[in-house]
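Listing of entry.cif; format and content: mmCIF, C-alpha atoms and all ligand atoms.
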data_run
loop_
_atom_site.label_atom_id
_atom_site.label_comp_id
_atom_site.auth_asym_id
_atom_site.auth_seq_id
_atom_site.Cartn_x
_atom_site.Cartn_y
_atom_site.Cartn_z
CA MET A 284 101.65 112.07 105.31
CA ALA A 285 101.14 113.95 108.55
CA GLU A 286 101.70 112.13 111.79
CA PRO A 287 102.48 114.96 114.19
CA ILE A 288 102.39 113.13 117.51
CA ARG A 289 105.26 110.70 117.76
CA PRO A 290 104.18 107.73 119.83
CA GLU A 291 107.28 107.48 121.98
CA ARG A 292 107.18 104.05 123.56
CA SER A 293 105.62 102.49 120.48
CA GLY A 294 108.44 104.02 118.44
CA GLN A 295 111.11 102.65 120.77
CA LEU A 296 109.54 99.21 120.84
CA PHE A 297 109.21 99.20 117.05
CA GLU A 298 112.90 100.03 116.65
CA ARG A 299 113.74 97.15 118.97
CA ALA A 300 111.29 94.85 117.18
CA LEU A 301 112.85 95.65 113.81
CA ARG A 302 116.13 94.19 115.05
CA SER A 303 114.70 90.89 116.24
CA ILE A 304 111.60 90.30 114.08
CA PRO A 305 111.37 90.68 110.26
CA GLY A 306 109.66 94.02 109.63
CA GLY A 307 109.15 94.28 113.40
CA VAL A 308 105.87 92.35 113.30
CA ASN A 309 104.56 88.81 113.31
CA SER A 310 101.98 89.49 110.58
CA PRO A 311 102.65 92.04 107.81
CA VAL A 312 99.59 94.36 107.98
CA ARG A 313 100.46 95.26 111.58
CA ALA A 314 103.53 97.16 110.35
CA PHE A 315 101.47 100.06 108.87
CA ARG A 316 103.51 99.85 105.63
CA SER A 317 100.59 100.77 103.38
CA VAL A 318 99.50 103.74 105.51
CA GLY A 319 102.94 104.79 106.78
CA GLY A 320 103.89 105.79 110.30
CA THR A 321 104.69 103.87 113.44
CA PRO A 322 102.54 100.93 114.47
CA ARG A 323 101.01 101.28 117.92
CA PHE A 324 102.14 98.70 120.43
CA ILE A 325 99.10 97.67 122.40
CA ALA A 326 99.12 97.41 126.16
CA LYS A 327 95.53 96.29 126.72
CA GLY A 328 92.01 96.12 125.40
CA SER A 329 88.64 96.35 127.08
CA GLY A 330 85.25 96.30 125.39
CA ALA A 331 85.41 98.42 122.25
CA TYR A 332 88.67 100.12 123.26
CA LEU A 333 92.41 99.60 122.93
CA TRP A 334 95.16 101.34 124.90
CA ASP A 335 98.66 101.66 123.50
CA VAL A 336 101.89 101.61 125.48
CA ASP A 337 101.94 105.43 125.43
CA GLY A 338 98.65 105.46 127.35
CA ARG A 339 96.52 106.60 124.39
CA ARG A 340 93.04 105.15 124.00
CA TYR A 341 91.47 104.13 120.67
CA LEU A 342 87.99 103.03 119.66
CA ASP A 343 88.92 99.78 117.90
CA PHE A 344 87.39 98.96 114.51
CA VAL A 345 89.76 96.02 113.90
CA GLY A 346 88.83 93.66 116.75
CA SER A 347 91.90 91.49 116.21
CA TRP A 348 90.77 91.16 112.56
CA GLY A 349 87.41 89.66 113.38
CA PRO A 350 87.46 87.26 116.33
CA LEU A 351 86.37 89.80 118.94
CA ILE A 352 82.68 90.15 118.06
CA LEU A 353 82.00 90.50 121.80
CA GLY A 354 84.74 93.08 122.33
CA HIS A 355 88.05 92.88 124.20
CA ALA A 356 88.50 91.07 127.52
CA ARG A 357 84.91 89.87 127.73
CA PRO A 358 84.55 88.77 131.39
CA GLU A 359 82.77 85.47 130.64
CA ILE A 360 85.58 84.44 128.25
CA LEU A 361 88.30 85.39 130.72
CA ALA A 362 86.51 83.44 133.46
CA ALA A 363 86.23 80.36 131.22
CA LEU A 364 89.94 80.59 130.42
CA GLU A 365 90.86 80.82 134.09
CA ARG A 366 88.71 77.84 134.94
CA VAL A 367 90.15 75.64 132.22
CA MET A 368 93.73 76.82 132.66
CA ALA A 369 93.84 75.65 136.26
CA ASP A 370 93.57 72.07 134.98
CA GLY A 371 96.41 72.38 132.48
CA THR A 372 97.02 73.95 129.09
CA SER A 373 97.45 71.04 126.67
CA PHE A 374 97.28 67.26 126.82
CA GLY A 375 97.82 65.91 123.30
CA ALA A 376 94.86 63.64 123.98
CA PRO A 377 91.13 64.14 123.43
CA THR A 378 88.95 66.17 125.81
CA GLU A 379 85.19 66.50 126.31
CA ALA A 380 85.15 70.21 125.47
CA GLU A 381 86.43 69.52 121.92
CA VAL A 382 83.45 67.29 121.32
CA VAL A 383 81.09 69.94 122.61
CA LEU A 384 82.67 72.61 120.38
CA ALA A 385 82.43 70.28 117.36
CA GLU A 386 78.76 69.58 118.16
CA THR A 387 78.09 73.29 118.62
CA ILE A 388 79.64 74.12 115.23
CA LEU A 389 77.75 71.31 113.47
CA ALA A 390 74.46 72.49 114.96
CA ALA A 391 75.04 75.91 113.37
CA PHE A 392 75.81 74.59 109.85
CA PRO A 393 73.06 72.36 108.46
CA GLY A 394 75.21 71.01 105.59
CA MET A 395 78.12 70.00 107.82
CA ASP A 396 78.27 66.38 109.07
CA GLN A 397 81.69 66.42 110.71
CA VAL A 398 84.34 68.97 111.62
CA ARG A 399 88.07 68.87 112.44
CA LEU A 400 89.70 71.53 114.64
CA VAL A 401 93.05 73.00 113.63
CA ASN A 402 95.13 75.97 114.81
CA SER A 403 94.53 78.64 112.18
CA GLY A 404 92.44 79.58 109.19
CA THR A 405 95.48 78.88 107.01
CA GLU A 406 95.56 75.27 108.16
CA ALA A 407 91.82 74.94 107.62
CA THR A 408 91.86 76.06 103.96
CA MET A 409 95.04 74.16 103.15
CA SER A 410 93.60 70.95 104.58
CA ALA A 411 90.17 71.42 102.97
CA ILE A 412 91.84 71.70 99.55
CA ARG A 413 93.89 68.55 100.17
CA LEU A 414 90.68 66.75 101.05
CA ALA A 415 88.87 68.02 97.94
CA ARG A 416 91.76 66.93 95.73
CA ALA A 417 91.80 63.48 97.33
CA HIS A 418 88.04 63.14 96.93
CA THR A 419 87.90 64.18 93.28
CA GLY A 420 91.25 62.82 92.11
CA ARG A 421 91.73 66.17 90.31
CA SER A 422 94.30 68.86 90.98
CA LEU A 423 93.10 72.21 89.64
CA LEU A 424 91.97 74.76 92.22
CA VAL A 425 89.84 77.79 91.35
CA LYS A 426 90.18 80.89 93.50
CA PHE A 427 89.10 84.49 93.04
CA ALA A 428 91.36 87.51 92.64
CA GLY A 429 91.50 89.44 95.91
CA CYS A 430 90.20 86.61 98.08
CA TYR A 431 92.57 85.62 100.87
CA HIS A 432 92.59 82.13 102.31
CA GLY A 433 95.70 82.16 104.46
CA HIS A 434 99.28 81.83 103.30
CA SER A 435 99.75 78.27 102.09
CA ASP A 436 101.53 78.05 98.73
CA SER A 437 98.67 77.22 96.38
CA LEU A 438 96.61 80.06 97.87
CA LEU A 439 99.20 82.83 97.66
CA VAL A 440 98.24 83.60 94.12
CA LYS A 441 96.51 86.97 93.77
CA ALA A 442 95.68 86.89 97.48
CA GLY A 443 94.08 89.93 99.09
CA SER A 444 94.82 91.31 102.56
CA GLY A 445 98.47 92.08 103.34
CA ALA A 446 99.62 90.55 100.07
CA ALA A 447 97.44 92.92 98.04
CA THR A 448 98.30 95.87 100.25
CA LEU A 449 101.99 95.22 99.76
CA GLY A 450 101.48 94.89 96.02
CA VAL A 451 102.97 91.39 95.91
CA PRO A 452 99.99 89.29 94.92
CA ASP A 453 102.33 86.44 94.04
CA SER A 454 104.80 85.56 96.77
CA LEU A 455 108.37 84.63 95.93
CA GLY A 456 109.09 81.11 97.04
CA VAL A 457 105.89 79.70 95.57
CA THR A 458 106.94 77.43 92.73
CA ALA A 459 105.39 77.64 89.28
CA ALA A 460 104.44 73.98 89.64
CA VAL A 461 102.24 74.89 92.61
CA SER A 462 100.80 78.20 91.38
CA GLY A 463 100.11 76.59 88.02
CA GLN A 464 97.53 74.43 89.77
CA THR A 465 95.56 77.52 90.85
CA LEU A 466 93.26 79.18 88.37
CA ILE A 467 92.37 82.80 89.22
CA LEU A 468 89.01 84.26 88.26
CA PRO A 469 87.55 87.71 88.88
CA PHE A 470 84.92 87.65 91.66
CA ASN A 471 81.30 88.41 90.70
CA ASP A 472 81.93 87.62 87.02
CA GLY A 473 79.42 84.94 86.00
CA GLU A 474 80.71 84.78 82.45
CA ALA A 475 84.31 84.11 83.46
CA LEU A 476 83.02 81.39 85.76
CA ALA A 477 80.94 79.73 83.06
CA GLU A 478 83.87 79.86 80.62
CA ALA A 479 86.28 78.31 83.12
CA PHE A 480 83.90 75.44 83.80
CA ALA A 481 83.18 74.95 80.11
CA ALA A 482 86.89 74.80 79.30
CA ARG A 483 88.31 72.92 82.30
CA GLY A 484 85.36 71.73 84.43
CA GLY A 485 86.56 68.13 84.40
CA GLU A 486 89.93 69.13 85.90
CA ILE A 487 88.61 71.29 88.75
CA ALA A 488 88.99 69.69 92.19
CA ALA A 489 87.57 72.62 94.11
CA VAL A 490 86.45 76.22 94.02
CA ILE A 491 87.37 78.13 97.15
CA VAL A 492 85.63 81.41 97.87
CA GLU A 493 85.06 83.91 100.65
CA PRO A 494 81.30 84.16 100.11
CA PHE A 495 81.50 87.77 101.39
CA PRO A 496 85.10 88.62 100.45
CA GLY A 497 86.70 90.62 103.26
CA ASN A 498 90.31 90.70 102.21
CA MET A 499 90.13 93.17 99.32
CA GLY A 500 88.13 95.34 101.66
CA LEU A 501 84.55 94.16 101.99
CA VAL A 502 82.88 93.16 98.71
CA LEU A 503 79.43 91.61 98.36
CA PRO A 504 78.32 88.93 95.88
CA HIS A 505 75.92 89.95 93.11
CA PRO A 506 72.47 88.38 93.50
CA GLY A 507 72.55 84.81 92.20
CA TYR A 508 76.35 84.62 91.97
CA LEU A 509 76.90 82.22 94.89
CA GLU A 510 73.95 80.11 93.73
CA GLU A 511 75.54 79.87 90.26
CA LEU A 512 78.81 78.81 91.86
CA ARG A 513 76.96 76.05 93.72
CA ARG A 514 75.21 74.92 90.53
CA LEU A 515 78.37 74.80 88.39
CA THR A 516 80.50 73.01 90.99
CA ALA A 517 77.79 70.42 91.62
CA ALA A 518 77.33 69.80 87.88
CA SER A 519 81.06 69.28 87.28
CA GLY A 520 81.75 67.24 90.41
CA ALA A 521 84.06 69.88 91.94
CA ALA A 522 83.94 70.59 95.66
CA LEU A 523 82.65 74.01 96.68
CA ILE A 524 84.64 75.33 99.64
CA PHE A 525 83.24 78.31 101.52
CA ASP A 526 85.98 80.07 103.43
CA GLU A 527 83.90 81.49 106.27
CA VAL A 528 86.89 82.17 108.53
CA ILE A 529 85.65 85.76 108.92
CA THR A 530 81.95 85.32 108.21
CA GLY A 531 81.17 82.02 109.99
CA PHE A 532 79.65 83.46 113.16
CA ARG A 533 80.02 87.10 112.09
CA VAL A 534 77.27 87.76 109.53
CA ALA A 535 74.88 85.26 111.12
CA TYR A 536 75.07 82.35 113.54
CA GLY A 537 75.93 79.88 110.75
CA GLY A 538 77.59 82.26 108.29
CA VAL A 539 76.77 83.36 104.75
CA GLN A 540 75.59 79.84 103.87
CA THR A 541 72.82 80.18 106.45
CA LEU A 542 71.86 83.65 105.22
CA TYR A 543 71.67 82.40 101.62
CA GLY A 544 70.53 78.81 102.17
CA ILE A 545 73.47 77.40 100.19
CA GLU A 546 75.24 74.21 101.30
CA PRO A 547 78.91 74.09 100.31
CA ASP A 548 80.76 70.74 100.38
CA LEU A 549 83.35 72.05 102.80
CA THR A 550 83.45 75.06 105.11
CA CYS A 551 86.53 76.67 106.67
CA LEU A 552 86.22 78.49 109.97
CA GLY A 553 88.52 80.41 112.34
CA LYS A 554 88.62 83.73 114.17
CA ILE A 555 85.33 83.91 116.15
CA ILE A 556 85.31 80.16 116.93
CA GLY A 557 88.51 80.70 118.93
CA GLY A 558 87.23 83.72 120.86
CA GLY A 559 90.60 85.47 120.40
CA LEU A 560 92.83 82.42 120.77
CA PRO A 561 94.54 80.64 117.85
CA VAL A 562 92.10 78.31 116.13
CA GLY A 563 90.68 77.07 112.85
CA ALA A 564 88.30 74.36 111.71
CA TYR A 565 87.10 72.71 108.55
CA GLY A 566 84.08 70.55 108.10
CA GLY A 567 81.63 69.24 105.59
CA LYS A 568 79.90 66.26 104.12
CA ARG A 569 80.61 62.87 105.68
CA GLU A 570 81.87 61.33 102.42
CA LEU A 571 84.65 63.92 102.34
CA MET A 572 85.46 64.04 106.04
CA ALA A 573 85.66 60.23 106.21
CA LEU A 574 88.79 60.43 104.05
CA LEU A 575 90.75 62.02 106.91
CA ALA A 576 93.31 60.12 108.96
CA PRO A 577 92.96 58.05 111.05
CA GLU A 578 89.79 56.90 109.28
CA GLY A 579 91.04 57.47 105.75
CA PRO A 580 94.14 58.08 103.62
CA VAL A 581 94.33 61.92 103.79
CA TYR A 582 96.81 63.03 106.42
CA GLN A 583 96.34 66.07 108.64
CA ALA A 584 97.39 66.50 112.27
CA GLY A 585 98.21 69.10 114.95
CA THR A 586 100.10 68.97 118.25
CA LEU A 587 97.94 71.70 119.75
CA SER A 588 94.74 71.12 117.74
CA GLY A 589 91.69 71.29 119.99
CA ASN A 590 93.76 73.11 122.58
CA PRO A 591 91.73 73.41 125.82
CA LEU A 592 92.17 77.19 126.14
CA ALA A 593 91.20 77.94 122.53
CA VAL A 594 88.25 75.57 122.77
CA ALA A 595 87.04 77.17 126.03
CA ALA A 596 87.27 80.70 124.60
CA GLY A 597 85.53 79.63 121.39
CA LEU A 598 82.78 77.70 123.09
CA THR A 599 82.06 80.56 125.49
CA THR A 600 81.89 82.97 122.56
CA LEU A 601 79.46 80.77 120.63
CA ARG A 602 77.26 80.26 123.70
CA LEU A 603 77.11 83.99 124.31
CA LEU A 604 76.25 84.63 120.66
CA GLN A 605 73.38 82.13 120.89
CA GLU A 606 72.17 83.69 124.09
CA LEU A 607 72.50 87.33 123.05
CA GLN A 608 71.43 86.98 119.39
CA PRO A 609 73.30 90.23 118.71
CA TYR A 610 73.10 90.04 114.91
CA PRO A 611 70.08 92.24 114.13
CA GLU A 612 71.25 95.04 116.39
CA LEU A 613 74.87 94.82 115.20
CA ALA A 614 73.68 94.97 111.59
CA GLN A 615 71.38 97.90 112.22
CA ARG A 616 74.06 99.85 114.08
CA THR A 617 76.70 99.21 111.41
CA ALA A 618 74.32 100.06 108.56
CA ALA A 619 73.43 103.37 110.22
CA PHE A 620 77.11 104.14 110.79
CA ALA A 621 77.96 103.35 107.15
CA ALA A 622 75.09 105.53 105.93
CA GLU A 623 76.34 108.45 108.03
CA LEU A 624 79.86 107.99 106.67
CA ARG A 625 78.56 108.01 103.08
CA ALA A 626 76.60 111.20 103.76
CA LEU A 627 79.63 112.93 105.33
CA PHE A 628 81.92 112.10 102.41
CA GLU A 629 79.30 113.08 99.88
CA ARG A 630 78.66 116.47 101.48
CA ALA A 631 82.41 117.07 101.55
CA GLY A 632 82.73 116.22 97.88
CA ILE A 633 85.02 113.25 98.55
CA PRO A 634 84.44 110.31 96.20
CA ALA A 635 83.88 107.33 98.51
CA THR A 636 82.13 103.99 98.59
CA VAL A 637 81.28 102.41 101.93
CA ASN A 638 80.54 98.71 101.54
CA GLN A 639 78.73 97.19 104.52
CA ALA A 640 77.18 93.89 105.50
CA GLU A 641 76.06 93.03 109.01
CA SER A 642 78.88 94.18 111.36
CA LEU A 643 81.46 94.51 108.56
CA PHE A 644 82.32 97.62 106.57
CA THR A 645 85.06 99.14 104.42
CA VAL A 646 85.61 102.72 103.32
CA PHE A 647 86.96 102.88 99.75
CA PHE A 648 87.98 106.27 98.37
CA ASN A 649 86.57 105.48 94.96
CA PRO A 650 83.20 106.43 93.45
CA GLY A 651 82.39 102.73 93.13
CA PRO A 652 80.70 100.40 92.89
CA VAL A 653 83.38 98.18 94.44
CA VAL A 654 82.49 94.64 93.41
CA ASP A 655 85.79 92.86 92.76
CA TYR A 656 89.55 93.19 93.14
CA GLU A 657 89.85 95.38 90.05
CA SER A 658 87.39 97.99 91.31
CA ALA A 659 88.81 97.80 94.86
CA SER A 660 92.27 98.48 93.43
CA ARG A 661 91.05 101.73 91.88
CA SER A 662 90.67 103.24 95.37
CA ASP A 663 92.73 106.25 96.34
CA ARG A 664 95.06 104.55 98.78
CA GLU A 665 96.95 107.75 99.56
CA ARG A 666 93.67 109.29 100.75
CA TYR A 667 92.90 106.15 102.74
CA ALA A 668 96.26 106.54 104.49
CA ARG A 669 95.40 110.17 105.34
CA PHE A 670 91.99 109.07 106.61
CA PHE A 671 93.57 106.33 108.70
CA HIS A 672 96.06 108.69 110.36
CA ALA A 673 93.55 111.51 110.83
CA MET A 674 91.34 109.05 112.71
CA LEU A 675 94.20 107.41 114.62
CA GLU A 676 95.30 110.80 115.95
CA ARG A 677 91.76 111.42 117.14
CA GLY A 678 91.65 108.05 118.93
CA PHE A 679 89.92 105.83 116.37
CA TYR A 680 91.69 102.71 115.12
CA PHE A 681 90.50 101.78 111.62
CA SER A 682 92.08 99.00 109.53
CA PRO A 683 95.66 100.02 108.70
CA GLY A 684 95.18 99.14 105.04
CA GLN A 685 92.68 99.78 102.26
CA PHE A 686 92.22 96.09 101.47
CA GLU A 687 90.86 95.13 104.87
CA THR A 688 87.51 95.06 106.54
CA CYS A 689 86.53 97.00 109.65
CA PHE A 690 84.54 95.28 112.38
CA LEU A 691 82.01 96.37 114.96
CA SER A 692 81.52 94.44 118.18
CA THR A 693 78.65 94.26 120.64
CA ALA A 694 80.72 96.60 122.83
CA HIS A 695 80.49 99.47 120.30
CA GLY A 696 77.78 101.70 121.73
CA SER A 697 75.91 104.46 119.92
CA ALA A 698 77.82 107.12 121.85
CA ASP A 699 81.13 105.60 120.64
CA LEU A 700 79.92 105.67 117.05
CA GLU A 701 78.64 109.25 117.38
CA GLN A 702 82.11 110.26 118.54
CA ALA A 703 83.66 108.47 115.58
CA LEU A 704 81.37 110.34 113.18
CA SER A 705 82.24 113.69 114.79
CA ALA A 706 85.91 112.83 114.39
CA VAL A 707 85.40 112.01 110.70
CA ARG A 708 83.55 115.34 110.25
CA ASP A 709 86.42 117.13 111.94
CA ALA A 710 88.98 115.33 109.73
CA LEU A 711 87.30 116.00 106.36
CA PRO A 712 89.42 119.06 105.49
CA GLU A 713 92.56 116.94 105.96
CA LEU A 714 91.16 114.50 103.40
CA GLY A 715 90.72 117.22 100.80
CA GLY A 716 87.03 117.74 101.54
CA ARG A 717 85.27 121.05 101.26
C1 LIG B 801 92.07 85.42 108.41
C2 LIG B 801 91.66 84.59 107.26
C3 LIG B 801 92.27 83.37 106.95
C4 LIG B 801 93.52 82.90 107.63
O1 LIG B 801 93.34 82.64 108.98
P1 LIG B 801 94.64 82.62 109.93
O2 LIG B 801 94.10 82.17 111.25
O3 LIG B 801 95.18 84.01 109.92
O4 LIG B 801 95.60 81.65 109.32
C5 LIG B 801 91.73 82.60 105.96
N1 LIG B 801 90.64 83.00 105.28
C6 LIG B 801 90.03 84.18 105.53
C7 LIG B 801 88.82 84.56 104.77
C8 LIG B 801 90.55 85.02 106.51
O5 LIG B 801 89.99 86.22 106.72
#

Could you render the structure from this file as structure tokens?
Ligand SMILES: *Cc1c(COP(=O)(O)O)cnc(C)c1O
Amino acid sequence: MAEPIRPERSGQLFERALRSIPGGVNSPVRAFRSVGGTPRFIAKGSGAYLWDVDGRRYLDFVGSWGPLILGHARPEILAALERVMADGTSFGAPTEAEVVLAETILAAFPGMDQVRLVNSGTEATMSAIRLARAHTGRSLLVKFAGCYHGHSDSLLVKAGSGAATLGVPDSLGVTAAVSGQTLILPFNDGEALAEAFAARGGEIAAVIVEPFPGNMGLVLPHPGYLEELRRLTAASGAALIFDEVITGFRVAYGGVQTLYGIEPDLTCLGKIIGGGLPVGAYGGKRELMALLAPEGPVYQAGTLSGNPLAVAAGLTTLRLLQELQPYPELAQRTAAFAAELRALFERAGIPATVNQAESLFTVFFNPGPVVDYESASRSDRERYARFFHAMLERGFYFSPGQFETCFLSTAHGSADLEQALSAVRDALPELGGR
């Protein structure tokens, strides 16, 4: 596919990176494998924009994969980091700010009695599953095809995100003994769910779900589906784990569970609660959380857990979100943008589905509807790659992979979005539009 302008410094850095780092990147999607071309090395970000090392500016629709709901280099967050940093970067002992962040998270999630901070979303989901297994004394885990919950062994079975993009839904190195404990169901399929519970309900320790899946591209639950999930898990004594690592403070202050009024047993968080620094958290009902060491027999620990810098960035982000209440405007702006995209593709005769919820959206080149991994997989990924590069050349950084979500931030103004729409209009002929 066409990539006429060779990004010189990015290209040189990538060649160097390939020698010292596997695939040249520290997380696979960054390598642009599914869209081709040379990944841009980023020099800085500010507001809604990124600048690469070749001095080119991009309107950023990735936002570090979700954390940056307030945009890049938000001054209040930088100021909080500077303040905290002057007193040291890590103590390996408790601090007041951790308690405040825990209290702030609990206040946002009515069904959550206690929360433990960790360093990544991967740690959060892995630990939540351990807890659910300990609580139920069962081992079977139910997950949905195309949902991604980080890269721990039992969850790398039909994962979305980079794993789906790379076409390796099952990672080598995961033993059959481990993957055999994970039952995969299609998302949004009430019948498959009912059958699984009828057949093996008594063995199921937990069901883990992204309530708005964002790692097969954005997919939304059918009406009543999450409620049915809550009903079946409660009836069989399995724990319901909502992985709200993306959605937690993204779709509402309090996540999908607040939007829908559903209380899961455990919730996993990450991304926004770290304000752009490495973080994760999991929390839930007291009877489950009380099993954790040092109170109980389930072990989980972290040298840098509750790190002062991550906590300061997260807390500042959550305070700003409370203060600004940006959700209605973000949702309105993203919905309007998605509607314009749909209209442009339709007029050009390009089969496309644009899924959108709040400040999340994904462009699928597929007539749709896209409701699960199967329908997401029917997208024209070659056309997505052309779309991605056509936009990148014009200074717009969309997700470098079909099976990812794009994100708006409060820094994305209407003029920015107008420019993005003009660029899409301009690029339509390159996508095979009329
Ligand atoms: C990003 C993500 C994770 C993993 O979080 P990391 O911090 O990358 O380990 C888990 N679940 C979901 C839904 C995610 O989007």

inquiry  = Within 8 Å of ligand LIG 801 (chain B) (counting only C-alpha atoms and all ligand atoms), which residues show up? I'd like them as a ChimeraX atom specification.
reply    = /A:348-349,402-408,430-434,493,496-498,526-530,551-554,561-563

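Between Gly537 of chain A and the residues A:Ala626, A:Ala593, A:Ala391, A:Ala369, the shortest atom-to-atom distance, using only C-alpha atoms, involves A:Ala391.
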
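The space between atom CA of Tyr543 of chain A and atom CA of Asp472 of chain A spans 18.6 Å.
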
Near-Ile633 of chain A list (7 Å; only C-alpha atoms; drop same-chain fewer than 4 positions) as a PDB file with C-alpha atoms, in the frame of the given file:
ATOM      1  CA  PHE A 628      81.920 112.100 102.410  1.00  0.00           C
ATOM      2  CA  GLU A 629      79.300 113.080  99.880  1.00  0.00           C
ATOM      3  CA  GLY A 716      87.030 117.740 101.540  1.00  0.00           C
TER       4      GLY A 716
END

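Taking only C-alpha atoms into account, Ile388 of chain A lies nearest to A:Leu400 out of the set A:Met572, A:Cys689, A:Leu400, A:Ala522.
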
re atom CA of Ala596 of chain A and atom CA of Ser310 of chain A: distance 22.1 Å

re atom CA of Gly684 of chain A and atom CA of Val312 of chain A: distance 7.1 Å

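For Gly330 of chain A, the set of protein, DNA and RNA residues having any atom at most 12 Å away, when counting all atoms listed in the file and skipping those fewer than 3 positions along the same chain, is Lys327, Leu333, Trp334, Arg340, Tyr341, Leu342, Asp343, Phe344, Gly346, Leu351, Ile352, Leu353, Gly354, His355, Ala356, Arg357, Pro358, Leu691, Ser692, Thr693, Ala694, His695, Gly696 and Asp699 of chain A.
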
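Using only C-alpha atoms, the smallest distance between any of A:Ser422, A:Gln583, A:Ser642, A:Ser347 and Met409 of chain A comes from A:Gln583.
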
**Spatial neighbours of Asp337 of chain A, max dist 8 Å, all atoms listed in the file, sep filter under 5 positions, as a list in words** = Pro290, Glu291, Arg292 and Ser293 of chain A

Counting all atoms listed in the file, the residue among A:Pro683, A:Gly678, A:Pro652, A:Gly585 that lies closest to Val401 of chain A is A:Gly585

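Distances here use all atoms listed in the file; by that measure, the residue among A:Leu509, A:Leu549, A:Leu574, A:Val653 closest to Ile524 of chain A is A:Leu549.
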
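If only C-alpha atoms are the atoms counted, then among A:Ala631, A:Leu571, A:Leu423, A:Ala376 the closest residue to Gly485 of chain A is A:Leu423.
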